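Asker: final-v1.txt is the file, holding compact mmCIF, N, CA and C atoms:
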# COMPACT_ATOMS: atom_id res chain seq x y z
N MET A 1 -16.56 41.25 -6.59
CA MET A 1 -16.05 40.10 -7.32
C MET A 1 -14.54 40.21 -7.55
N ARG A 2 -14.05 41.42 -7.75
CA ARG A 2 -12.63 41.63 -7.98
C ARG A 2 -11.80 41.12 -6.79
N GLY A 3 -12.26 41.37 -5.56
CA GLY A 3 -11.55 40.91 -4.38
C GLY A 3 -11.47 39.41 -4.30
N LYS A 4 -12.55 38.73 -4.70
CA LYS A 4 -12.55 37.27 -4.69
C LYS A 4 -11.58 36.73 -5.73
N ARG A 5 -11.56 37.34 -6.91
CA ARG A 5 -10.63 36.90 -7.95
C ARG A 5 -9.19 37.07 -7.50
N ASP A 6 -8.90 38.17 -6.84
CA ASP A 6 -7.55 38.40 -6.34
C ASP A 6 -7.17 37.34 -5.30
N ARG A 7 -8.11 37.01 -4.44
CA ARG A 7 -7.85 36.00 -3.41
C ARG A 7 -7.65 34.63 -4.05
N TRP A 8 -8.49 34.28 -5.01
CA TRP A 8 -8.34 32.99 -5.70
C TRP A 8 -6.98 32.92 -6.39
N ALA A 9 -6.61 34.00 -7.06
CA ALA A 9 -5.33 34.02 -7.77
C ALA A 9 -4.17 33.81 -6.78
N LYS A 10 -4.27 34.42 -5.62
CA LYS A 10 -3.22 34.27 -4.61
C LYS A 10 -3.16 32.83 -4.10
N VAL A 11 -4.32 32.24 -3.82
CA VAL A 11 -4.36 30.84 -3.34
C VAL A 11 -3.78 29.90 -4.40
N VAL A 12 -4.16 30.07 -5.65
CA VAL A 12 -3.65 29.22 -6.72
C VAL A 12 -2.14 29.39 -6.86
N ALA A 13 -1.66 30.61 -6.80
CA ALA A 13 -0.22 30.87 -6.91
C ALA A 13 0.54 30.21 -5.76
N GLU A 14 0.02 30.30 -4.54
CA GLU A 14 0.67 29.68 -3.39
C GLU A 14 0.70 28.16 -3.50
N LEU A 15 -0.42 27.57 -3.93
CA LEU A 15 -0.46 26.11 -4.09
C LEU A 15 0.48 25.66 -5.21
N THR A 16 0.54 26.42 -6.28
CA THR A 16 1.44 26.10 -7.39
C THR A 16 2.89 26.13 -6.91
N MET A 17 3.24 27.11 -6.11
CA MET A 17 4.60 27.19 -5.57
C MET A 17 4.92 25.98 -4.69
N ARG A 18 3.95 25.53 -3.91
CA ARG A 18 4.16 24.36 -3.04
C ARG A 18 4.38 23.10 -3.87
N VAL A 19 3.57 22.93 -4.91
CA VAL A 19 3.73 21.76 -5.78
C VAL A 19 5.09 21.80 -6.47
N GLU A 20 5.48 22.96 -6.97
CA GLU A 20 6.76 23.08 -7.65
C GLU A 20 7.93 22.85 -6.70
N ALA A 21 7.78 23.22 -5.43
CA ALA A 21 8.82 22.96 -4.43
C ALA A 21 9.01 21.46 -4.24
N VAL A 22 7.90 20.72 -4.18
CA VAL A 22 7.98 19.26 -4.05
C VAL A 22 8.60 18.68 -5.31
N ARG A 23 8.17 19.15 -6.47
CA ARG A 23 8.72 18.66 -7.74
C ARG A 23 10.23 18.90 -7.79
N GLY A 24 10.67 20.07 -7.34
CA GLY A 24 12.10 20.39 -7.34
C GLY A 24 12.90 19.47 -6.43
N ARG A 25 12.37 19.19 -5.25
CA ARG A 25 13.07 18.27 -4.34
C ARG A 25 13.09 16.86 -4.91
N ALA A 26 12.03 16.47 -5.57
CA ALA A 26 11.93 15.11 -6.12
C ALA A 26 12.91 14.89 -7.26
N THR A 27 13.31 15.95 -7.95
CA THR A 27 14.25 15.77 -9.06
C THR A 27 15.61 15.30 -8.58
N ARG A 28 15.89 15.46 -7.28
CA ARG A 28 17.17 15.04 -6.72
C ARG A 28 17.18 13.56 -6.33
N ILE A 29 16.07 12.87 -6.51
CA ILE A 29 16.01 11.43 -6.19
C ILE A 29 16.72 10.67 -7.31
N PRO A 30 17.81 9.99 -6.99
CA PRO A 30 18.59 9.34 -8.06
C PRO A 30 17.85 8.17 -8.73
N ASN A 31 17.15 7.37 -7.96
CA ASN A 31 16.41 6.23 -8.51
C ASN A 31 14.95 6.37 -8.12
N ARG A 32 14.14 6.74 -9.09
CA ARG A 32 12.72 6.96 -8.82
C ARG A 32 12.06 5.63 -8.46
N PRO A 33 11.45 5.54 -7.28
CA PRO A 33 10.80 4.27 -6.89
C PRO A 33 9.59 3.97 -7.77
N ARG A 34 9.45 2.71 -8.15
CA ARG A 34 8.27 2.28 -8.89
C ARG A 34 7.17 1.99 -7.90
N CYS A 35 5.95 2.28 -8.30
CA CYS A 35 4.83 2.03 -7.41
C CYS A 35 3.60 1.65 -8.24
N PHE A 36 2.58 1.26 -7.53
CA PHE A 36 1.29 0.97 -8.14
C PHE A 36 0.24 1.77 -7.37
N LEU A 37 -0.42 2.65 -8.04
CA LEU A 37 -1.45 3.47 -7.42
C LEU A 37 -2.81 2.90 -7.84
N MET A 38 -3.48 2.28 -6.88
CA MET A 38 -4.77 1.67 -7.16
C MET A 38 -5.88 2.69 -6.90
N GLU A 39 -6.72 2.88 -7.90
CA GLU A 39 -7.80 3.85 -7.77
C GLU A 39 -9.06 3.22 -7.16
N TRP A 40 -9.26 1.97 -7.43
CA TRP A 40 -10.47 1.31 -6.95
C TRP A 40 -10.16 -0.15 -6.73
N VAL A 41 -10.83 -0.77 -5.74
CA VAL A 41 -10.53 -2.17 -5.42
C VAL A 41 -11.59 -3.16 -5.88
N ASP A 42 -12.77 -2.68 -6.24
CA ASP A 42 -13.82 -3.61 -6.64
C ASP A 42 -14.60 -3.06 -7.82
N PRO A 43 -14.23 -3.37 -9.02
CA PRO A 43 -13.13 -4.22 -9.44
C PRO A 43 -11.80 -3.46 -9.35
N PRO A 44 -10.70 -4.18 -9.16
CA PRO A 44 -9.41 -3.50 -9.04
C PRO A 44 -8.97 -2.91 -10.38
N PHE A 45 -8.54 -1.67 -10.32
CA PHE A 45 -7.90 -1.08 -11.50
C PHE A 45 -6.97 0.03 -11.06
N CYS A 46 -5.97 0.26 -11.91
CA CYS A 46 -4.95 1.25 -11.58
C CYS A 46 -5.49 2.66 -11.81
N SER A 47 -4.84 3.58 -11.15
CA SER A 47 -5.23 4.97 -11.23
C SER A 47 -4.84 5.56 -12.59
N GLY A 48 -5.61 6.50 -13.02
CA GLY A 48 -5.30 7.22 -14.25
C GLY A 48 -5.53 8.69 -14.01
N HIS A 49 -5.79 9.42 -15.05
CA HIS A 49 -6.05 10.86 -14.97
C HIS A 49 -4.90 11.58 -14.27
N TRP A 50 -5.15 12.19 -13.15
CA TRP A 50 -4.12 12.99 -12.46
C TRP A 50 -3.34 12.21 -11.43
N GLY A 51 -3.73 10.98 -11.12
CA GLY A 51 -3.02 10.18 -10.12
C GLY A 51 -1.56 9.94 -10.46
N PRO A 52 -1.25 9.43 -11.65
CA PRO A 52 0.15 9.21 -12.00
C PRO A 52 0.98 10.50 -11.99
N GLU A 53 0.35 11.61 -12.31
CA GLU A 53 1.06 12.89 -12.26
C GLU A 53 1.45 13.24 -10.83
N LEU A 54 0.57 12.94 -9.87
CA LEU A 54 0.90 13.19 -8.47
C LEU A 54 2.07 12.31 -8.02
N VAL A 55 2.08 11.07 -8.46
CA VAL A 55 3.18 10.16 -8.13
C VAL A 55 4.48 10.72 -8.72
N GLU A 56 4.42 11.18 -9.96
CA GLU A 56 5.60 11.73 -10.63
C GLU A 56 6.11 12.98 -9.91
N ILE A 57 5.20 13.87 -9.54
CA ILE A 57 5.58 15.09 -8.83
C ILE A 57 6.30 14.74 -7.53
N ALA A 58 5.83 13.68 -6.86
CA ALA A 58 6.41 13.26 -5.58
C ALA A 58 7.71 12.48 -5.74
N GLY A 59 8.09 12.18 -6.98
CA GLY A 59 9.36 11.51 -7.21
C GLY A 59 9.26 10.04 -7.54
N GLY A 60 8.06 9.52 -7.69
CA GLY A 60 7.88 8.11 -8.01
C GLY A 60 7.63 7.89 -9.49
N HIS A 61 7.42 6.64 -9.83
CA HIS A 61 7.13 6.25 -11.22
C HIS A 61 6.04 5.19 -11.18
N ASP A 62 4.92 5.47 -11.81
CA ASP A 62 3.79 4.54 -11.87
C ASP A 62 3.63 4.08 -13.31
N PRO A 63 4.31 2.98 -13.70
CA PRO A 63 4.29 2.56 -15.10
C PRO A 63 2.93 2.10 -15.60
N LEU A 64 2.05 1.66 -14.71
CA LEU A 64 0.72 1.20 -15.15
C LEU A 64 -0.28 2.34 -15.30
N GLY A 65 0.01 3.48 -14.72
CA GLY A 65 -0.95 4.57 -14.72
C GLY A 65 -1.02 5.37 -16.00
N ARG A 66 -0.13 5.12 -16.91
CA ARG A 66 -0.11 5.92 -18.14
C ARG A 66 -0.75 5.18 -19.27
Just dump the structure as structure tokens.
Answerer:
Amino acid sequence: MRGKRDRWAKVVAELTMRVEAVRGRATRIPNRPRCFLMEWVDPPFCSGHWGPELVEIAGGHDPLGR
């Protein structure tokens, strides 16, 4: 079990570094583009939960998602 935990910790650390690299590049965007992230189309509604956070990490702004 110890080996699996070590592997999981390594995978999580690597993914976290990748996300933070994207977040760091996105901070250099002077005007964050506004967008609409639709989670479902029938009935239509905007995304919530972690969707707006992904848009933010990528450098966008989803005003309806919050």
Asker: According to DSSP computed on the backbone, where in chain A is there strand (DSSP E or B)? Give the residues as number ranges by chain.
Answerer: A: 34, 38-41, 44-46, 61
Asker: Determine, for each residue of range 13-45 of chain A having at least one atom at most 5 Å from an atom of range 51-66 of chain A, the closest pair of atoms and their separation in Å to one decimal, counting all atoms listed in the file; order by chain and ascending number, as CSV.
Answerer:
residue,atom,partner,partner_atom,distance
A:Arg23,CA,A:Ile57,C,4.6
A:Ala26,CA,A:Gly59,CA,4.6
A:Arg32,CA,A:Gly59,C,4.8
A:Pro33,C,A:His61,N,4.0
A:Arg34,CA,A:His61,C,4.3
A:Cys35,N,A:His61,C,4.1
Asker: Please compute the CA of Glu14 in chain A-CA of His49 in chain A distance, one decimal, in Å.
Answerer: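 Computed distance, CA of Glu14 in chain A to CA of His49 in chain A, equals 23.1 Å.
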Asker: Find the distance between CA of Gly3 in chain A and atom C of Arg18 in chain A and write it in Å to one decimal.
Answerer: 23.9 Å
Asker: Output as AutoDock Vina command-line options the centre and edge lengths (Å, one decimal) of the box along x, y and z of the file that holds every listed atom of range 54-66 of chain A after adding 3 Å on each side.
Answerer:
--center_x 4.2 --center_y 8.1 --center_z -12.4 --size_x 16.4 --size_y 19.9 --size_z 19.7
Asker: Hey, can you check how far atom N of Val19 in chain A sits from CA of Lys4 in chain A?
Answerer: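 Answer for the atom N of Val19 in chain A to CA of Lys4 in chain A separation: 21.6 Å.
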Asker: Write down as a PyMOL selection string the residues belonging to chain A that are assigned alpha helix (DSSP H) by DSSP computed on the backbone.
Answerer: chain A and resi 2-26+51-57
Asker: Name the residues in contact with Leu37 in chain A at a cut-off of 6.5 Å, using all atoms listed in the file, excluding same-chain residues fewer than 4 positions from it; report them as a PDB file with N, CA and C atoms, in the coordinates of the input.
Answerer:
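Result file is part.pdb:
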ATOM      1  N   PHE A  45      -8.540  -1.670 -10.320  1.00  0.00           N
ATOM      2  CA  PHE A  45      -7.900  -1.080 -11.500  1.00  0.00           C
ATOM      3  C   PHE A  45      -6.970   0.030 -11.060  1.00  0.00           C
ATOM      4  N   CYS A  46      -5.970   0.260 -11.910  1.00  0.00           N
ATOM      5  CA  CYS A  46      -4.950   1.250 -11.580  1.00  0.00           C
ATOM      6  C   CYS A  46      -5.490   2.660 -11.810  1.00  0.00           C
ATOM      7  N   SER A  47      -4.840   3.580 -11.150  1.00  0.00           N
ATOM      8  CA  SER A  47      -5.230   4.970 -11.230  1.00  0.00           C
ATOM      9  C   SER A  47      -4.840   5.560 -12.590  1.00  0.00           C
ATOM     10  N   ASP A  62       4.920   5.470 -11.810  1.00  0.00           N
ATOM     11  CA  ASP A  62       3.790   4.540 -11.870  1.00  0.00           C
ATOM     12  C   ASP A  62       3.630   4.080 -13.310  1.00  0.00           C
TER      13      ASP A  62
END
